[in-house]
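Chemist: The structure under discussion is supplied below as structure tokens; questions concerning it will follow.
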Amino acid sequence: MSFLDLKNVTKIYPNGTKAVHETSLSIDEGEFMVFVGPSGCGKSTLLRMVAGLEDITEGDINLDGKLMNEVDPSERDVAMVFQNYALYPHMNVYNNLAYGLKNRGIDKETIEQKVNDAAKLLQISDYLQRKPSMLSGGQRQRVAMGRAIVRNPKIFLFDEPLSNLDAKLRIQMRLEIKKLQQKVGVTSIFVTHDQVEAMTLADRLAVINNGIIEQLGTPIEIYDNPKSLFVAGFIGSPQMNFLDGNLKNKTLSAEGFEIKDVNTEHEGEVTLGIRPEHLVQSENGLINLKVDLVEQLGSDNLVYGQLKNIKDFCYRCPGNQTIEKDSNLSLNIENNKYYIFDKSTGKRVN
Amino acid sequence: MTRFITSSLSHFILLIGILIMVVPVWMIFASSTHTSSMINMNGLQIFLGDSFYENYLRVLLYQGGFFKEITALKMFFNSFIMATGVAILSVVTSLMAAYALVYYRIKHATLLFWIIFITILVPLELRIFPTYSVMAELNLVNSYFGLIVPISASAIATLFFRQFYKTIPDELLESAKLDGANTWRFFVDFLIPLSKTMIVAMLIFMFVFGYNQYLWPLLVTTSEQYWTVVMGLKMMSGSIVHRFAFVMMSMVPPILIIIVLQKHFIKGVFQDK
């Protein structure tokens, strides 16, 4: 049995909404797991069930070999970092960190030691006497993490902790969280709707949609081998291009071009997915793109144009290429990196 | 120039308002420092006289009432006990009631709250006989307990605390739970410190409410020993200057409580911001 085990966990709210469907998941000790999905997909509910803040309708949660279903949140030995930090506004930083330890009846010297160690690790030693209202967003974030670290819990739970920060600080804190987790080595679950955060932080990530884990794996596995249309569209930025197509006798025809010898026996209506970064310019390419707009990011250019029926088809090329608006590009798919999904089920077929 | 005129005009209007409010109080105070023959001959006075100590001391220590058992000093003591008791008891009960209504999983908590709330529409005067008979049954007539308890359940204070608790984010409770705080600790370590300013405001409000009670103390006390200041204002006989002096003194405790506690009130507001 692994460190954290979710077995057929289901959450149905009293009003009948099914937030999580029979989800099973195992997380190893020291692993950094990320739940990613659009808002309302049930990822936070799943996290809150691990914390004990939501009741489990059906199924079992085991942490470190113990059944947690009926265990009170305070007894679970988990620590959580909330989206709005939930710092205690009337206590200074020191007491914010120390509060959980005091409640566990730990003696004063040990508390002081632990708080000071955590403060040092997070570089908040200078603010220990300040109230949360006197701190900046990044500092509050650190205090919230300090409050989790100081208790030395079995598992860290992060509920979209970076979404209240500005873009620059978010990237910085993302790095810090990853470093810190590696340093402390505590099993962590991180919930986010930002796929970049998910990709960068995760040892493994679970893509969740409509209360179901659509795919579970390392970030690269999921990026390279999305198992469904949803996962393919959700992971990767800019988003994968999707084209309607038809499969017959191993030949795929879509939007005025054909791909022969497709690696599947599937036939019928399909959706073809091509990542913008898997396209290359070549003479007599498969795809003819009329350029509408070029977004210059410096390192890359994002080229948007029109195919037959598709608006905003995206092609990503290195930033040193100059591409004129209204020019025509001939594109090929690199190394046959395309994805075919069944149109009705959304499942990958190639 | 027009700005000068409008601002002078508004100041002038405000000044008139202030005079309308302050002059009568001042005239009572000034008159209370004269001898009663002076007032009887010349009417109310604007300027201070020289009988201040004489009048005020006499009022404080005069043995009044039908049985000559009560002094103004004792009335102040009674009123203070009553007002403080009402303030503390009503704040404590309202805090706890609001806590239960907001944080406990009570079925129909909202309905319960509105039932509590409509008691505002039923003032003490309406329920005064049943309340009196309860107190009489319990043998609490002529006691501080009888003076304080029946008017100490405050729906208004419950409303204020409830609305305040509802603004506290759920994450705070959840975070506290994960930090090992039980129901009682969350109340003591979080809600009470967070509502400090509101507690002070409610203490002021309920103190003044308790101090101003007239009908209830009149009914529930038959012994002069339990007379309060507001009752005394009505019961008082004697010369006009002594009554004036008593009126002036009766204003002091509420004003004092506001001045003393407002300091904390403002301090709390600025600390939390």
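The way I read the labels, and the way they are meant: chains A, B, ... in the order of the structure tokens, residue 1 as the first residue of every chain, and ligand 1 as the first ligand shown, with later ones counted on from there.
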Pick out the chain A residues within 9 Å of chain B. Count only C-alpha atoms. Give them as number ranges by chain.
Modeler: A: 51-53, 72-90, 99-101, 103-104, 133, 147, 151
Chemist: Within segment 102-160 of chain A, find each residue whose DSSP state, derived from the backbone, is helix (DSSP H, G or I), and express the selection as a PyMOL selection string.
Modeler: chain A and resi 102-103+108-122+125-127+132-134+137-149
Chemist: Do a neighbour search on segment 180-197 of chain A at 6 Å with only C-alpha atoms, toss out local chain neighbours closer than 6 positions, and write the hits as a ChimeraX atom specification.
Modeler: /A:29-38,155-160,235
Chemist: At a cut-off of 8 Å, using only C-alpha atoms, what residues contact segment 239-251 of chain A? Leave out same-chain residues fewer than 3 positions from it and give the result as a list of chain:residue names.
Modeler: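 Near segment 239-251 of chain A, the qualifying residues are A:Ala232, A:Gly233, A:Phe234, A:Ile235, A:Gly236, A:Ala254, A:Glu255, A:Glu258, A:Ile259, A:Lys260, A:Asp261, A:Val262, A:Asn263, A:Thr264, A:Glu265, A:His266, A:Glu267, A:Gly268, A:Glu269, A:Val270, A:Thr271, A:Leu272, A:Gly273, A:Ile274, A:Arg275, A:Pro276, A:Ile310, A:Phe313, A:Cys314.
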Chemist: Please report, as an MDAnalysis selection string, each residue of segment 159-344 of chain A to which DSSP assigns strand (DSSP E or B) when run on this structure's backbone.
Modeler: chainID A and resid 159 187:192 204:209 212:217 228 241:248 251:254 257:259 268:274 279:281 287:296 300:306 313:318 328:333 339:342
Chemist: Just write the chosen residues, C-alpha atoms, as a PDB file, in the first residue's frame.
Modeler:
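Printed below is part-v5.pdb as written:
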ATOM      1  CA  ASP A 159      -5.307  24.714  -2.790  1.00  0.00           C
ATOM      2  CA  THR A 187       4.395  14.328   0.270  1.00  0.00           C
ATOM      3  CA  SER A 188       2.403  17.096  -1.368  1.00  0.00           C
ATOM      4  CA  ILE A 189      -0.783  17.572  -3.318  1.00  0.00           C
ATOM      5  CA  PHE A 190      -1.120  20.788  -5.255  1.00  0.00           C
ATOM      6  CA  VAL A 191      -4.372  21.886  -6.846  1.00  0.00           C
ATOM      7  CA  THR A 192      -4.320  24.319  -9.733  1.00  0.00           C
ATOM      8  CA  ARG A 204       3.026  13.245 -11.399  1.00  0.00           C
ATOM      9  CA  LEU A 205      -0.124  15.021 -12.345  1.00  0.00           C
ATOM     10  CA  ALA A 206      -3.744  14.064 -12.462  1.00  0.00           C
ATOM     11  CA  VAL A 207      -5.860  15.803 -15.083  1.00  0.00           C
ATOM     12  CA  ILE A 208      -9.366  15.992 -13.698  1.00  0.00           C
ATOM     13  CA  ASN A 209     -12.541  16.759 -15.596  1.00  0.00           C
ATOM     14  CA  ILE A 212     -13.108  12.032 -13.018  1.00  0.00           C
ATOM     15  CA  ILE A 213      -9.370  11.638 -13.350  1.00  0.00           C
ATOM     16  CA  GLU A 214      -8.962  11.674 -17.131  1.00  0.00           C
ATOM     17  CA  GLN A 215      -5.291  10.867 -17.070  1.00  0.00           C
ATOM     18  CA  LEU A 216      -2.582  10.285 -14.526  1.00  0.00           C
ATOM     19  CA  GLY A 217       1.120  10.413 -15.247  1.00  0.00           C
ATOM     20  CA  SER A 228      -8.320  12.023 -24.475  1.00  0.00           C
ATOM     21  CA  ASN A 241      -5.163  22.685 -32.829  1.00  0.00           C
ATOM     22  CA  PHE A 242      -8.199  20.519 -33.410  1.00  0.00           C
ATOM     23  CA  LEU A 243      -9.526  19.689 -36.871  1.00  0.00           C
ATOM     24  CA  ASP A 244     -12.530  17.623 -37.864  1.00  0.00           C
ATOM     25  CA  GLY A 245     -11.639  14.646 -40.006  1.00  0.00           C
ATOM     26  CA  ASN A 246     -12.652  11.279 -41.319  1.00  0.00           C
ATOM     27  CA  LEU A 247     -10.778   7.990 -41.083  1.00  0.00           C
ATOM     28  CA  LYS A 248     -11.159   5.321 -43.704  1.00  0.00           C
ATOM     29  CA  THR A 251      -6.309   7.296 -44.402  1.00  0.00           C
ATOM     30  CA  LEU A 252      -7.280  10.436 -42.578  1.00  0.00           C
ATOM     31  CA  SER A 253      -8.784  13.285 -44.525  1.00  0.00           C
ATOM     32  CA  ALA A 254      -9.260  16.628 -42.876  1.00  0.00           C
ATOM     33  CA  PHE A 257      -5.345  17.418 -46.750  1.00  0.00           C
ATOM     34  CA  GLU A 258      -4.796  13.719 -46.221  1.00  0.00           C
ATOM     35  CA  ILE A 259      -2.567  11.675 -43.971  1.00  0.00           C
ATOM     36  CA  GLY A 268     -15.314   7.067 -38.935  1.00  0.00           C
ATOM     37  CA  GLU A 269     -15.605  10.609 -37.666  1.00  0.00           C
ATOM     38  CA  VAL A 270     -12.550  11.743 -35.735  1.00  0.00           C
ATOM     39  CA  THR A 271     -10.852  14.824 -34.398  1.00  0.00           C
ATOM     40  CA  LEU A 272      -7.273  15.421 -35.413  1.00  0.00           C
ATOM     41  CA  GLY A 273      -5.042  17.213 -32.921  1.00  0.00           C
ATOM     42  CA  ILE A 274      -1.772  18.902 -33.813  1.00  0.00           C
ATOM     43  CA  LEU A 279       4.553  21.980 -37.142  1.00  0.00           C
ATOM     44  CA  VAL A 280       7.455  22.802 -39.449  1.00  0.00           C
ATOM     45  CA  GLN A 281       7.636  24.838 -42.614  1.00  0.00           C
ATOM     46  CA  ILE A 287      -1.201  22.240 -44.647  1.00  0.00           C
ATOM     47  CA  ASN A 288      -1.537  25.640 -46.294  1.00  0.00           C
ATOM     48  CA  LEU A 289      -1.964  28.420 -43.796  1.00  0.00           C
ATOM     49  CA  LYS A 290      -2.928  31.975 -44.661  1.00  0.00           C
ATOM     50  CA  VAL A 291      -1.428  34.150 -41.941  1.00  0.00           C
ATOM     51  CA  ASP A 292      -3.853  36.469 -40.112  1.00  0.00           C
ATOM     52  CA  LEU A 293      -1.838  37.466 -37.106  1.00  0.00           C
ATOM     53  CA  VAL A 294       1.629  37.030 -35.649  1.00  0.00           C
ATOM     54  CA  GLU A 295       2.240  37.246 -31.903  1.00  0.00           C
ATOM     55  CA  GLN A 296       5.901  37.909 -31.285  1.00  0.00           C
ATOM     56  CA  ASP A 300       8.912  32.332 -30.224  1.00  0.00           C
ATOM     57  CA  ASN A 301       6.420  33.584 -32.728  1.00  0.00           C
ATOM     58  CA  LEU A 302       2.848  32.417 -32.531  1.00  0.00           C
ATOM     59  CA  VAL A 303       1.377  32.517 -36.002  1.00  0.00           C
ATOM     60  CA  TYR A 304      -2.397  32.409 -36.336  1.00  0.00           C
ATOM     61  CA  GLY A 305      -4.150  31.836 -39.588  1.00  0.00           C
ATOM     62  CA  GLN A 306      -7.095  30.312 -41.339  1.00  0.00           C
ATOM     63  CA  PHE A 313      -5.059  27.658 -36.420  1.00  0.00           C
ATOM     64  CA  CYS A 314      -1.823  28.167 -34.545  1.00  0.00           C
ATOM     65  CA  TYR A 315       1.747  27.503 -35.610  1.00  0.00           C
ATOM     66  CA  ARG A 316       4.690  28.119 -33.351  1.00  0.00           C
ATOM     67  CA  CYS A 317       8.066  28.975 -34.839  1.00  0.00           C
ATOM     68  CA  PRO A 318      11.343  30.307 -33.472  1.00  0.00           C
ATOM     69  CA  ASN A 328       0.909  31.814 -47.202  1.00  0.00           C
ATOM     70  CA  LEU A 329       2.781  29.154 -45.270  1.00  0.00           C
ATOM     71  CA  SER A 330       3.215  25.551 -46.197  1.00  0.00           C
ATOM     72  CA  LEU A 331       3.455  23.375 -43.112  1.00  0.00           C
ATOM     73  CA  ASN A 332       4.236  19.756 -42.350  1.00  0.00           C
ATOM     74  CA  ILE A 333       3.741  17.739 -39.196  1.00  0.00           C
ATOM     75  CA  TYR A 339      -3.175  12.785 -32.287  1.00  0.00           C
ATOM     76  CA  ILE A 340      -6.434  11.252 -33.406  1.00  0.00           C
ATOM     77  CA  PHE A 341      -9.468  11.166 -31.149  1.00  0.00           C
ATOM     78  CA  ASP A 342     -12.789   9.474 -31.646  1.00  0.00           C
TER      79      ASP A 342
END
Chemist: Smallest atom-to-atom distance to Met236 of chain B: which of B:Ser143, B:Asn40, B:Ser10, B:Gln63, using only C-alpha atoms?
Modeler: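 Closest to Met236 of chain B, using only C-alpha atoms: B:Gln63.
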Chemist: For Gly64 of chain B, please output as a PyMOL selection string all residues within 10 Å (counting only C-alpha atoms; exclusion window: fewer than 6 positions along the same chain).
Modeler: chain B and resi 70-72+224+232+235-238
Chemist: Could you list, as a list of chain:residue names, every residue within 9 Å of Lys74 of chain B, counting only C-alpha atoms and ignoring same-chain residues fewer than 3 positions away?
Modeler: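 Non-adjacent residues within range: B:Leu60, B:Leu61, B:Ile70, B:Thr71, B:Phe77, B:Asn78, B:Ser79, B:Gln225, B:Tyr226, B:Trp227, B:Thr228, B:Val229.
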Chemist: Which residues are close to Ser51 of chain B, i.e. within 9 Å by only C-alpha atoms, leaving aside same-chain residues fewer than 4 positions away? Reply as JSON, numbers by chain.
Modeler: {"B": [32, 33, 34, 35, 55, 56]}
